[in-house]
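J.: Below you'll find upload.cif; it's mmCIF, C-alpha atoms.
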```
data_target
#
loop_
_atom_site.label_atom_id
_atom_site.label_comp_id
_atom_site.auth_asym_id
_atom_site.auth_seq_id
_atom_site.Cartn_x
_atom_site.Cartn_y
_atom_site.Cartn_z
CA CYS A 1 0.00 0.00 0.00
CA ASN A 2 1.72 3.14 -1.24
CA PRO A 3 0.88 6.23 -3.32
CA THR A 4 1.61 4.46 -6.58
CA LEU A 5 -0.55 1.47 -5.63
CA ALA A 6 -3.35 3.21 -3.77
CA ASN A 7 -5.91 0.59 -4.78
CA SER A 8 -4.09 -1.96 -2.64
CA CYS A 9 -4.83 0.21 0.39
CA GLY A 10 -8.57 -0.08 -0.14
CA THR A 11 -8.28 -3.82 -0.60
CA LEU A 12 -6.28 -4.12 2.60
CA GLY A 13 -8.83 -1.99 4.44
CA VAL A 14 -11.64 -4.32 3.41
CA LEU A 15 -9.67 -7.44 4.31
CA ILE A 16 -8.64 -6.09 7.71
CA SER A 17 -12.09 -4.78 8.67
CA SER A 18 -13.74 -8.06 7.68
CA GLY A 19 -11.25 -10.20 9.59
CA ARG A 20 -9.97 -11.98 6.53
CA ILE A 21 -6.47 -10.98 7.58
CA GLY A 22 -6.25 -11.74 11.29
CA THR A 23 -8.58 -10.28 13.89
CA PRO A 24 -10.90 -7.53 12.59
CA ASN A 25 -9.37 -4.14 13.28
CA ASP A 26 -11.43 -1.13 12.22
CA VAL A 27 -8.82 1.38 13.36
CA ARG A 28 -6.16 -0.11 11.07
CA ALA A 29 -8.68 -0.50 8.25
CA ARG A 30 -9.55 3.19 8.50
CA GLN A 31 -5.87 4.12 8.38
CA PHE A 32 -5.44 2.13 5.17
CA ASN A 33 -8.58 3.71 3.70
CA GLU A 34 -7.28 7.19 4.54
CA LYS A 35 -4.01 6.41 2.80
CA GLY A 36 -5.76 4.92 -0.23
CA CYS A 37 -8.20 7.80 -0.55
CA ALA A 38 -5.32 10.28 -0.40
CA GLY A 39 -3.97 8.38 -3.41
CA ASN A 40 -7.35 8.68 -5.21
CA ASP A 41 -8.49 5.07 -4.83
CA ALA A 42 -12.27 5.02 -5.26
CA LEU A 43 -12.94 2.05 -2.96
CA SER A 44 -10.81 3.57 -0.19
CA CYS A 45 -12.69 6.89 -0.39
CA TYR A 46 -16.10 5.24 -0.27
CA ALA A 47 -15.14 2.92 2.59
CA LEU A 48 -13.56 5.79 4.51
CA GLY A 49 -16.71 7.84 4.03
CA VAL A 50 -18.82 5.03 5.48
CA GLN A 51 -16.47 4.76 8.48
CA GLN A 52 -16.54 8.51 9.05
CA ALA A 53 -20.32 8.62 8.78
CA THR A 54 -20.76 5.90 11.39
CA GLY A 55 -17.76 6.53 13.65
CA ILE A 56 -16.19 3.16 12.90
CA GLY A 57 -12.46 2.97 13.54
CA GLY A 58 -12.24 6.60 14.64
CA PRO A 59 -14.27 9.74 15.33
CA ARG A 60 -17.49 10.44 13.51
CA ASP A 61 -17.10 13.20 10.91
CA GLU A 62 -20.22 13.63 8.80
CA SER A 63 -19.01 16.53 6.68
CA GLN A 64 -15.83 14.70 5.71
CA ALA A 65 -17.80 11.50 5.17
CA ARG A 66 -19.90 13.19 2.53
CA ILE A 67 -16.81 14.63 0.81
CA ASN A 68 -15.17 11.22 0.63
CA GLN A 69 -18.30 9.39 -0.55
CA GLU A 70 -18.69 11.97 -3.33
CA LYS A 71 -15.01 11.48 -4.14
CA GLY A 72 -15.62 7.72 -4.40
CA CYS A 73 -18.38 8.45 -6.91
CA ASN A 74 -16.24 10.87 -8.88
CA LEU A 75 -13.41 8.33 -9.03
CA GLY A 76 -15.78 5.71 -10.43
CA TYR A 77 -16.47 3.27 -7.59
CA THR A 78 -19.34 1.17 -8.95
CA GLY A 79 -22.73 1.97 -7.48
CA VAL A 80 -21.76 4.94 -5.31
CA CYS A 81 -23.14 7.57 -7.69
CA HIS A 82 -26.38 5.57 -7.93
CA TRP A 83 -26.66 5.42 -4.14
CA ILE A 84 -25.99 9.15 -3.75
CA GLY A 85 -28.63 9.80 -6.41
CA LEU A 86 -31.14 7.70 -4.48
CA VAL A 87 -30.39 9.67 -1.31
CA TRP A 88 -30.93 13.00 -3.07
CA SER A 89 -34.13 11.66 -4.67
CA GLY A 90 -35.53 10.69 -1.26
CA GLU A 91 -35.68 6.98 -2.12
CA ASP A 92 -32.91 6.27 0.37
CA THR A 93 -32.17 8.20 3.52
CA SER A 94 -28.99 9.55 5.05
CA PRO A 95 -28.65 12.46 7.48
CA LEU A 96 -25.49 13.53 5.65
CA TRP A 97 -27.14 14.84 2.53
CA GLY A 98 -29.99 17.11 3.57
CA PRO A 99 -33.46 17.53 2.02
CA GLN A 100 -34.57 16.05 -1.28
CA ASN A 101 -32.94 17.61 -4.34
CA LEU A 102 -34.01 16.05 -7.63
CA VAL A 103 -31.65 18.19 -9.68
CA LYS A 104 -28.70 16.75 -7.77
CA ALA A 105 -30.21 13.26 -7.97
CA ARG A 106 -30.37 13.51 -11.74
CA ALA A 107 -26.77 14.73 -11.91
CA TYR A 108 -25.53 11.76 -9.90
CA PHE A 109 -27.56 9.29 -11.95
CA GLN A 110 -26.03 10.82 -15.05
CA GLN A 111 -22.55 10.39 -13.64
CA GLY A 112 -23.28 6.80 -12.68
CA CYS A 113 -24.59 6.05 -16.15
CA ILE A 114 -21.45 7.49 -17.72
CA GLN A 115 -19.57 5.00 -15.52
CA ASN A 116 -21.73 2.20 -17.03
CA ASP A 117 -23.85 1.55 -13.95
CA ALA A 118 -27.06 0.09 -15.40
CA ARG A 119 -29.24 1.16 -12.47
CA SER A 120 -28.09 4.76 -12.88
CA CYS A 121 -28.96 4.63 -16.57
CA GLY A 122 -32.44 3.38 -15.72
CA LYS A 123 -33.08 6.19 -13.25
CA LEU A 124 -31.57 8.84 -15.54
CA GLY A 125 -33.60 7.66 -18.52
CA VAL A 126 -36.89 7.82 -16.62
CA TYR A 127 -35.98 11.26 -15.23
CA MET A 128 -35.36 12.37 -18.81
CA LEU A 129 -38.66 10.86 -19.98
CA ASP A 130 -40.71 12.45 -17.21
CA GLY A 131 -38.82 15.74 -16.86
CA ILE A 132 -37.73 15.02 -13.28
CA GLY A 133 -34.86 17.07 -11.89
CA GLY A 134 -34.55 19.01 -15.12
CA PRO A 135 -36.22 19.46 -18.50
CA ALA A 136 -37.72 16.48 -20.30
CA ASP A 137 -35.39 15.11 -22.95
CA GLN A 138 -37.45 12.29 -24.35
CA ASN A 139 -35.61 11.73 -27.61
CA ASN A 140 -32.23 11.39 -25.93
CA SER A 141 -33.72 9.24 -23.15
CA ARG A 142 -34.00 6.33 -25.56
CA SER A 143 -30.26 5.70 -25.90
CA VAL A 144 -29.79 6.01 -22.14
CA LEU A 145 -32.59 3.52 -21.46
CA GLU A 146 -31.28 1.20 -24.16
CA LYS A 147 -27.90 1.18 -22.45
CA GLY A 148 -29.38 0.34 -19.06
CA CYS A 149 -31.79 -2.26 -20.42
CA THR A 150 -29.05 -4.02 -22.39
CA ALA A 151 -27.10 -4.28 -19.13
CA GLY A 152 -30.10 -5.87 -17.42
CA ASP A 153 -31.79 -3.10 -15.45
CA ALA A 154 -35.56 -3.66 -15.21
CA LEU A 155 -36.42 0.01 -14.76
CA ALA A 156 -34.45 0.88 -17.89
CA CYS A 157 -36.34 -1.78 -19.85
CA ALA A 158 -39.65 -0.44 -18.53
CA GLY A 159 -38.76 3.10 -19.55
CA LEU A 160 -37.51 1.90 -22.91
CA SER A 161 -40.84 0.21 -23.58
CA SER A 162 -42.55 3.56 -23.05
CA ALA A 163 -40.10 5.32 -25.38
CA LEU A 164 -40.64 2.65 -28.04
CA ILE A 165 -44.42 3.13 -27.89
CA SER A 166 -44.11 6.87 -28.38
CA GLY A 167 -41.31 6.73 -30.94
CA PHE A 168 -39.01 8.94 -28.88
CA GLY A 169 -35.52 9.03 -30.35
CA GLY A 170 -36.33 6.61 -33.17
CA PRO A 171 -39.12 4.63 -34.81
CA LYS A 172 -42.03 3.16 -32.89
CA GLU A 173 -41.43 -0.49 -32.01
CA GLU A 174 -44.64 -1.69 -30.41
CA ALA A 175 -44.01 -5.43 -30.65
CA ARG A 176 -40.64 -5.01 -28.96
CA ALA A 177 -42.23 -2.76 -26.37
CA ARG A 178 -44.55 -5.62 -25.40
CA LYS A 179 -41.61 -7.96 -24.90
CA LEU A 180 -40.02 -5.46 -22.53
CA ALA A 181 -43.03 -4.04 -20.69
CA GLU A 182 -44.64 -7.15 -19.21
CA PRO A 183 -41.53 -8.64 -17.54
CA ALA A 184 -40.57 -5.17 -16.30
CA CYS A 185 -44.01 -4.84 -14.73
CA SER A 186 -43.67 -8.29 -13.17
CA SER A 187 -40.41 -7.18 -11.59
CA GLY A 188 -42.17 -4.25 -9.91
CA GLN A 189 -41.56 -1.41 -12.36
CA ALA A 190 -44.81 0.56 -12.58
CA ILE A 191 -43.84 2.36 -15.77
CA GLY A 192 -43.75 -1.06 -17.48
CA CYS A 193 -47.25 -1.82 -16.20
CA SER A 194 -48.51 1.47 -17.60
CA ALA A 195 -46.84 0.80 -20.97
CA MET A 196 -48.30 -2.71 -21.15
CA GLY A 197 -51.76 -1.36 -20.43
CA VAL A 198 -51.46 1.13 -23.30
CA LEU A 199 -50.30 -1.60 -25.68
CA LEU A 200 -53.15 -3.93 -24.75
CA LEU A 201 -55.86 -1.27 -24.80
CA ASN A 202 -54.84 -0.03 -28.22
CA GLY A 203 -53.99 -3.42 -29.71
CA TRP A 204 -50.47 -2.23 -30.49
CA GLY A 205 -47.83 -4.88 -31.08
CA GLY A 206 -50.38 -7.66 -30.62
CA ALA A 207 -54.00 -8.39 -29.81
CA ARG A 208 -56.21 -5.95 -27.95
CA ASP A 209 -57.25 -7.13 -24.47
CA ASP A 210 -59.27 -4.64 -22.43
CA VAL A 211 -59.53 -6.89 -19.37
CA ARG A 212 -55.77 -7.27 -19.05
CA ALA A 213 -55.21 -3.61 -19.91
CA ARG A 214 -57.45 -2.59 -17.03
CA SER A 215 -55.49 -4.82 -14.65
CA PHE A 216 -52.14 -3.44 -15.81
CA PHE A 217 -53.33 0.15 -15.37
CA LEU A 218 -54.45 -0.59 -11.81
CA THR A 219 -51.05 -2.09 -11.01
CA GLY A 220 -49.32 0.92 -12.55
CA CYS A 221 -51.54 3.27 -10.57
CA ASN A 222 -50.70 1.45 -7.35
CA GLY A 223 -47.06 2.08 -8.28
CA SER A 224 -47.77 5.85 -8.38
CA ARG A 225 -47.85 6.28 -12.18
CA ALA A 226 -50.28 9.15 -12.67
CA GLN A 227 -51.19 8.28 -16.26
CA SER A 228 -51.99 4.71 -15.20
CA CYS A 229 -54.45 6.03 -12.64
CA ALA A 230 -56.03 8.26 -15.29
CA ASN A 231 -56.23 5.41 -17.78
CA TYR A 232 -57.78 3.12 -15.19
CA ALA A 233 -60.35 5.84 -14.44
CA TYR A 234 -61.08 6.14 -18.16
CA MET A 235 -61.76 2.41 -18.42
CA LEU A 236 -64.00 2.48 -15.36
CA ARG A 237 -65.96 5.40 -16.73
CA GLU A 238 -66.36 3.84 -20.19
CA GLY A 239 -66.95 0.28 -18.98
CA LEU A 240 -63.95 -1.09 -20.86
CA GLY A 241 -62.59 -4.40 -19.60
CA GLY A 242 -65.23 -4.58 -16.88
CA ALA A 243 -68.25 -2.88 -15.40
CA LYS A 244 -68.77 0.87 -15.46
CA ASN A 245 -68.21 2.59 -12.13
CA ALA A 246 -68.38 6.39 -12.21
CA SER A 247 -67.63 6.90 -8.51
CA GLN A 248 -64.52 4.72 -8.70
CA ALA A 249 -63.51 6.55 -11.88
CA ASP A 250 -63.66 9.84 -9.98
CA PHE A 251 -61.58 8.31 -7.19
CA TYR A 252 -58.83 7.18 -9.55
CA ASP A 253 -58.86 10.48 -11.42
CA GLY A 254 -58.28 12.00 -7.99
CA ARG A 255 -55.29 9.75 -7.49
CA ALA A 256 -53.93 10.76 -10.89
CA CYS A 257 -54.32 14.39 -9.83
CA GLN A 258 -52.48 13.70 -6.56
CA HIS A 259 -49.62 12.19 -8.55
CA GLY A 260 -49.33 15.37 -10.62
CA LEU A 261 -51.54 14.87 -13.71
CA SER A 262 -53.39 18.18 -13.88
CA THR A 263 -55.85 17.05 -16.57
CA SER A 264 -57.35 14.63 -14.04
CA CYS A 265 -57.99 17.28 -11.41
CA THR A 266 -61.45 18.21 -12.72
CA ALA A 267 -64.23 16.12 -11.24
CA GLY A 268 -65.58 13.65 -13.77
CA ALA A 269 -62.59 14.06 -16.06
CA THR A 270 -62.52 11.74 -19.06
CA SER A 271 -58.92 10.61 -19.51
CA LYS A 272 -57.42 9.62 -22.80
CA HIS A 273 -55.52 6.34 -22.88
CA ASN A 274 -52.00 7.39 -23.79
#
```
Now, as a test, write the supplied structure out as structure tokens.
T.:
Amino acid sequence: CNPTLANSCGTLGVLISSGRIGTPNDVRARQFNEKGCAGNDALSCYALGVQQATGIGGPRDESQARINQEKGCNLGYTGVCHWIGLVWSGEDTSPLWGPQNLVKARAYFQQGCIQNDARSCGKLGVYMLDGIGGPADQNNSRSVLEKGCTAGDALACAGLSSALISGFGGPKEEARARKLAEPACSSGQAIGCSAMGVLLLNGWGGARDDVRARSFFLTGCNGSRAQSCANYAYMLREGLGGAKNASQADFYDGRACQHGLSTSCTAGATSKHN
């Protein structure tokens, strides 16, 4: 462990703290992480930040912990930028980072995606689709989502299915969208459920199936997708895929409104399925 081989310091820190080299010794591990981080080793900086945040192996130092965790992200330690983005988005919590800041979340997801972290690409692509943390950039979202989906991220595949339906950044590919949307929905990605509902209701990329579309929209709505709530309300009001129910339609339009879809905020709104 020396300045020219800083990455060995981080490795030693992990081995020592875990007890894989003798008795676990957090104080020594922190010393190695400090040395490695000074030499710009990403793992050392991240590990040191965790130790400083929790007071392991030395005094607690929250301000320095944040600096070193950000340094670990900037140096390319896999997953750190994604985690920091989740903290800024409010999806994860840490007292180090302060209140929700979606602009910062988007910036960290972008950095993680540049570093080829598939989860970061998925989050960034959806932020670009929905205009979260910055302006919508739907055409460019497609390549970002493609990158994340190819690397196996379910959220990226869900977002990509939506981009393929709309033709953002390239031609519409409805049959491919179906292949992506349903498994993404099954893995818990509400945007995939919403996309699958649109495909089924319109008969795009395959047969029309109002009953299944209605079910997918409900699942998407329960996952906080505003347009899914509006589409479910539309089907309830029109009696598509099941019985008409005007009062329930009003309720789900209300949920769409709560999730930010202004066109559903008028009582008795008739939502388009899009």
J.: For Trp97 in chain A, work out the shell of residues within 10 Å, counting only C-alpha atoms and skipping chain neighbours fewer than 3 positions away, then give it as a ChimeraX atom specification.
T.: /A:62-63,66,84,87-88,93-94,100-101
J.: Considering only C-alpha atoms, state which residue in the set A:Leu155, A:Arg176, A:Asp210, A:Gly90 is at the smallest distance from Val103 in chain A.
T.: A:Gly90
J.: Once you count all atoms listed in the file, what closest atom pair and distance in Å to one decimal does each residue of range 145-211 of chain A within 7 Å of range 124-127 of chain A have, with rows by chain and rising residue number, as a Markdown table?
T.:
```
| residue | atom | partner | partner_atom | distance |
| --- | --- | --- | --- | --- |
| A:Leu145 | CA | A:Gly125 | CA | 5.2 |
| A:Ala156 | CA | A:Gly125 | CA | 6.9 |
| A:Gly159 | CA | A:Val126 | CA | 5.9 |
```
J.: Would you pick out the contacts of range 255-269 of chain A at 6 Å or less, using all atoms listed in the file, so that residues sharing its chain but fewer than 5 positions from it are not included, and give the list as a ChimeraX atom specification?
T.: /A:226,229-230,250
J.: Smallest atom-to-atom distance to Phe168 in chain A: which of A:Asp137, A:Asn2, A:Gly79, A:Asp92, using all atoms listed in the file?
T.: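 Among A:Asp137, A:Asn2, A:Gly79, A:Asp92, it is A:Asp137 that comes nearest to Phe168 in chain A.
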J.: What residues come out when you apply the PyMOL selection byres ((chain A and resi 180-197) around 8) to this file, written as a PyMOL selection string?
T.: chain A and resi 154-155+157-162+165+176-179+198-201+212-217+219-225+227-228
J.: Can you spell out as a ChimeraX atom specification the set of residues that the PyMOL selection byres ((chain A and resi 82) around 6) selects in the structure I just provided?
T.: /A:79-81,83-85,109,112,120
J.: Evaluate the PyMOL selection byres ((chain A and resi 33) around 6) against this structure - the residues, as a VMD selection string, please.
T.: chain A and resid 10 13 30 to 32 34 to 37 44 48
J.: By how many Å are CA of Leu75 in chain A and CA of Ala47 in chain A apart?
T.: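 Pair CA of Leu75 in chain A / CA of Ala47 in chain A returns 12.9 Å.
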J.: For range 6-31 of chain A, where the input has fewer atoms than it should, I would like N, CA and C atoms rebuilt and written as a CSV table (one decimal), in the coordinates of the input.
T.:
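Listing of part-v7.csv after writing:
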```
chain,number,residue,atom,x,y,z
A,6,ALA,N,-2.3,2.8,-4.7
A,6,ALA,CA,-3.4,3.2,-3.8
A,6,ALA,C,-4.5,2.2,-3.7
A,7,ASN,N,-4.8,1.5,-4.8
A,7,ASN,CA,-5.9,0.6,-4.8
A,7,ASN,C,-5.7,-0.6,-3.8
A,8,SER,N,-4.4,-0.9,-3.6
A,8,SER,CA,-4.1,-2.0,-2.6
A,8,SER,C,-4.5,-1.6,-1.2
A,9,CYS,N,-4.5,-0.3,-0.9
A,9,CYS,CA,-4.8,0.2,0.4
A,9,CYS,C,-6.3,-0.1,0.7
A,10,GLY,N,-7.1,0.2,-0.3
A,10,GLY,CA,-8.6,-0.1,-0.1
A,10,GLY,C,-8.8,-1.6,0.0
A,11,THR,N,-8.1,-2.4,-0.7
A,11,THR,CA,-8.3,-3.8,-0.6
A,11,THR,C,-7.9,-4.3,0.8
A,12,LEU,N,-6.7,-3.8,1.3
A,12,LEU,CA,-6.3,-4.1,2.6
A,12,LEU,C,-7.3,-3.7,3.7
A,13,GLY,N,-7.8,-2.5,3.5
A,13,GLY,CA,-8.8,-2.0,4.4
A,13,GLY,C,-10.0,-2.9,4.6
A,14,VAL,N,-10.5,-3.4,3.4
A,14,VAL,CA,-11.6,-4.3,3.4
A,14,VAL,C,-11.3,-5.6,4.1
A,15,LEU,N,-10.1,-6.2,3.7
A,15,LEU,CA,-9.7,-7.4,4.3
A,15,LEU,C,-9.5,-7.4,5.8
A,16,ILE,N,-8.9,-6.2,6.3
A,16,ILE,CA,-8.6,-6.1,7.7
A,16,ILE,C,-9.9,-5.9,8.5
A,17,SER,N,-10.8,-5.0,8.0
A,17,SER,CA,-12.1,-4.8,8.7
A,17,SER,C,-13.0,-6.0,8.7
A,18,SER,N,-12.9,-6.9,7.7
A,18,SER,CA,-13.7,-8.1,7.7
A,18,SER,C,-13.1,-9.2,8.4
A,19,GLY,N,-11.9,-9.1,8.9
A,19,GLY,CA,-11.2,-10.2,9.6
A,19,GLY,C,-10.7,-11.3,8.7
A,20,ARG,N,-10.6,-11.0,7.4
A,20,ARG,CA,-10.0,-12.0,6.5
A,20,ARG,C,-8.4,-12.0,6.6
A,21,ILE,N,-7.9,-11.0,7.3
A,21,ILE,CA,-6.5,-11.0,7.6
A,21,ILE,C,-6.4,-10.8,9.1
A,22,GLY,N,-6.3,-11.8,9.8
A,22,GLY,CA,-6.2,-11.7,11.3
A,22,GLY,C,-7.5,-11.3,11.9
A,23,THR,N,-7.4,-10.8,13.1
A,23,THR,CA,-8.6,-10.3,13.9
A,23,THR,C,-9.1,-9.0,13.3
A,24,PRO,N,-10.4,-8.8,13.1
A,24,PRO,CA,-10.9,-7.5,12.6
A,24,PRO,C,-10.4,-6.3,13.4
A,25,ASN,N,-9.9,-5.3,12.6
A,25,ASN,CA,-9.4,-4.1,13.3
A,25,ASN,C,-9.8,-2.9,12.5
A,26,ASP,N,-10.9,-2.3,13.0
A,26,ASP,CA,-11.4,-1.1,12.2
A,26,ASP,C,-10.5,0.1,12.2
A,27,VAL,N,-9.7,0.2,13.3
A,27,VAL,CA,-8.8,1.4,13.4
A,27,VAL,C,-7.8,1.3,12.3
A,28,ARG,N,-7.2,0.1,12.1
A,28,ARG,CA,-6.2,-0.1,11.1
A,28,ARG,C,-6.8,0.0,9.7
A,29,ALA,N,-8.0,-0.6,9.5
A,29,ALA,CA,-8.7,-0.5,8.2
A,29,ALA,C,-8.9,0.9,7.8
A,30,ARG,N,-9.3,1.8,8.8
A,30,ARG,CA,-9.6,3.2,8.5
A,30,ARG,C,-8.3,3.9,8.1
A,31,GLN,N,-7.2,3.5,8.7
A,31,GLN,CA,-5.9,4.1,8.4
A,31,GLN,C,-5.5,3.8,6.9
```
